[in-house]
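Asks: The structure follows.
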Amino acid sequence: MDAHRVSPTSATTSPDDTPTRGLVDYLAALRRRWYFLVIGPLVALLVAVGITQLQTPVYSATAEMLARPGTGSLFSDEGPTDTNNRQLATQLQLMRSAPVRQQVADMLGIGVGEVPPVSPSPIGQTLVVAVRVESDDAELAAAAANAYVEVFIDSRRTAAVEDLAAAGSELQLQVDTLQTRIDEIDLELFGLDPDAPGDAFGELEAERSSLEAQQRLYQDRIDQLQVDTALQDGGGQMVTPATPPASPISPTPARNAAIALVAGFVLGLALALFVDHLDDTVRDDDDLARVAPSVPLLAAVPAAKVDGRRPVVIDDPGSPASEAFRNLRTSVQFLGIDRPLKIIEVTSAVPGEGKTTTASNLAVVLARAGKRVCLVDCDLRRARQHVVFGVPAEPGFTSVVLGTSSLDQALVPVTGEERLYLLPAGPPPPNPSELLSSPRVKQVFDALTAEGAFDTVIVDAPPVLPFSDAVVLSGRVDGVLLVLSAGQTKRPHVTKVLHSLGLVAAPVAGLVLNKAKGGNGLGKGYQGYGYSGYDTGYADREPAPPR
């Protein structure tokens, strides 16, 4: 099929065209950032262990007290009614008061500031009250819980006795008042004649009898109050005394560790998704489909662990990376079915994305497929192809353009590759963009593609964003291959490059993704391939061995 040209509008995508992230995307993000799911729980666990070690152990002791109904108790004989429950809640609140705490301190023989606080609470709907005390001393916690119960019962007994004594005093006052009236009636009866006419004597006798009956009732009540006072127990009883706990209630290492692991995992999950969301690099072909839906991905190149600078297809022809470059060759050949791609420019967005490696390997595999191939190093700012193949940098492309050398003199046959020739960059010009836009460049390309010359010319061009060189060259080629690096090339850079090439109607043939990583689909499951090292000025040429 024909190499297609990308217009400025097709080089960018609108937000509406960008697919929303689904469950598969989130799972892919977690696979990419799996280390957060490991580091998060581990860090949280270490923090939890450290905090646990720094915490002071806290012991809890509980005494159980029965607040039973009876004379002078907190309750009436009706049991735990709403009224009685409110009364109990009120009295239990008083257990937390300063006077009670002071009495506990006196009983334990310690300062009031050393007395641990108490937490009394009824157990269910029963009349049993749990008196719980927490302290960093197990012995003190148990002793304080028991002391609170004893002080509470004693205070209730004292209050009940005082109430009974007050009631007895009131009744005694009534008895004394009745006795005074009885004495007055006796005096009146003494002065009356029983045989005197009228019923005055009988009326006084009746009143005296009534007063004596009331007096006896009051006296009986006083006697009962005295008995109640003797039997008063405060309406409470120790059911189960507190014992020193064997182990603290906090810290709890197992629970803290479990909580830390869960919290760390959740935090790691959130960080993984957040960091992945902030990552605006191209990671795989799915990202390319979002940022450049109209440009095909021709190949995804995996990692190649090869020593030296030579092309991987020469040093390790059986590697996955070599197979990927052969797939790229096939894709390029299919692109040239209807319209042959004689001159192919290989460029990238920014330095270090592997465009020189791609150009050299593509040239080798095309030559091995029976094509006569010329690899032209047009990266006049940092030429690298002469280093890759170990040949002199001069004479070269600029020498031919300037007329200081003929094309035959500048072309270098690549050792071991009979159909592959290299045209090095040559001496660096003061202004590469102006030189590349000169008519002499077209004449050089025409000579390379003339009848009987080369079937394919691979042009190693500078990156697009730092310089205008690649854009200038794109008008003189039949197809442009844009090389990207997974995890390195930013999505906005891809958009800018395609837009820049689209402005000049550059024939963008497709994309090549280096360092492609796992997943499903084209390019996934690889471990990346690329090279680094590029500067924006005129770099010193490394000396090459003589031919």
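Chain labels follow the order of the structure tokens: the first chain is A, the next B, and so on; residue numbering restarts at 1 in every chain, and ligands are counted from 1 in their shown order.
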Can you pull out every residue within 6 Å of segment 407-413 of chain A, counting only C-alpha atoms, but drop anything in the same chain fewer than 3 positions away, and send it as a short mmCIF file (atom, residue, chain, number, x, y, z; two decimals) with C-alpha atoms, in the first residue's frame?
Replies:
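Saved file result33.cif follows:
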data_model
loop_
_atom_site.label_atom_id
_atom_site.label_comp_id
_atom_site.auth_asym_id
_atom_site.auth_seq_id
_atom_site.Cartn_x
_atom_site.Cartn_y
_atom_site.Cartn_z
CA PRO A 395 34.64 11.78 3.14
CA GLY A 396 30.89 11.54 3.38
CA VAL A 400 29.49 15.03 -1.88
CA TYR A 421 26.91 0.54 1.43
CA LEU A 422 27.31 3.36 3.92
CA LEU A 423 27.50 7.05 3.06
#
Asks: Between atom CA of Leu484 of chain A and atom CA of Leu511 of chain A, what is the distance, to one decimal in Å?
Replies: 7.2 Å
Asks: Quick one: residues within 12 Å of Thr330 of chain A, only C-alpha atoms, excluding same-chain residues fewer than 5 positions away - as a list of chain:residue names?
Replies: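 Those residues are A:Leu298, A:Ala299, A:Glu323, A:Ala324, A:Phe325, A:Leu335, A:Gly336, A:Ile337, A:Leu362, A:Val365, A:Leu366, A:Ala369.
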Asks: Go ahead and compute the interatomic distance for atom CA of Arg368 of chain A and atom CA of Asn327 of chain A, in Å to one decimal.
Replies: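 So the two atoms, atom CA of Arg368 of chain A and atom CA of Asn327 of chain A, lie 13.2 Å apart.
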Asks: Given the choices A:Ala516, A:Ala105, A:Ile343, A:Ala89, which gets closest to Ala450 of chain A if the distance is worked out from only C-alpha atoms?
Replies: A:Ile343
Asks: Which distance in Å separates atom CA of Phe274 of chain A and atom CA of Val350 of chain A, to one decimal?
Replies: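 Atom CA of Val350 of chain A lies 25.9 Å from atom CA of Phe274 of chain A.
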Asks: Using only C-alpha atoms, which protein or nucleic acid residues come within 7 Å of segment 142-158 of chain A? Drop anything in the same chain fewer than 5 positions from it, and give the result as a ChimeraX atom specification.
Replies: /A:61-63,65,95,100,103-104,131-133,232-234,236,241-244
Asks: Neighbours of Ala447 of chain A within 12 Å (only C-alpha atoms; same-chain residues fewer than 3 positions away dropped), as a list in words?
Replies: Lys342, Ile343, Cys374, Val400, Val401, Ser406, Leu407, Asp408, Arg440, Val441, Lys442, Gln443, Val444, Ala450, Glu451, Gly452, Ala453, Phe454, Asp455 and Val457 of chain A
Asks: Taking the backbone alone, and naming residues the way the document does, which bits of segment 318-539 of chain A are strand (DSSP E) by DSSP, as a PyMOL selection string?
Replies: chain A and resi 343-348+373-377+412-413+420-423+456-460+479-485+508-514
Asks: Pro507 of chain A: which residues within 12 Å, counting only C-alpha atoms, same-chain residues fewer than 4 positions away excluded, as a ChimeraX atom specification?
Replies: /A:2-7,295,335,339,341,343-346,471,473-482,498,500-503
Asks: In terms of the shortest atom-to-atom distance over only C-alpha atoms, which of A:Val38, A:Leu465, A:Ala303, A:Leu513 is closest to Ala272 of chain A?
Replies: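 Among the listed residues, A:Val38 lies closest to Ala272 of chain A.
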Asks: I need the residues of segment 106-290 of chain A that end up classed as helix (DSSP H, G or I) by DSSP on the backbone, written out as a count of residues only.
Replies: 123
Asks: At a cut-off of 12 Å, using only C-alpha atoms, what residues contact Glu417 of chain A? Leave out same-chain residues fewer than 6 positions from it and give the result as a list in words.
Replies: Pro311, Val313, Ile314, Asn361, Ala363, Val364, Val365, Leu366, Ala367, Arg368, Ala369, Gly370, Lys371, Arg372, Val373, Cys374 and Phe389 of chain A
Asks: Given the choices A:Val497, A:Pro429, A:Ile458, A:Leu46, which gets closest to Ala349 of chain A if the distance is worked out from only C-alpha atoms?
Replies: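 Closest to Ala349 of chain A, using only C-alpha atoms: A:Val497.
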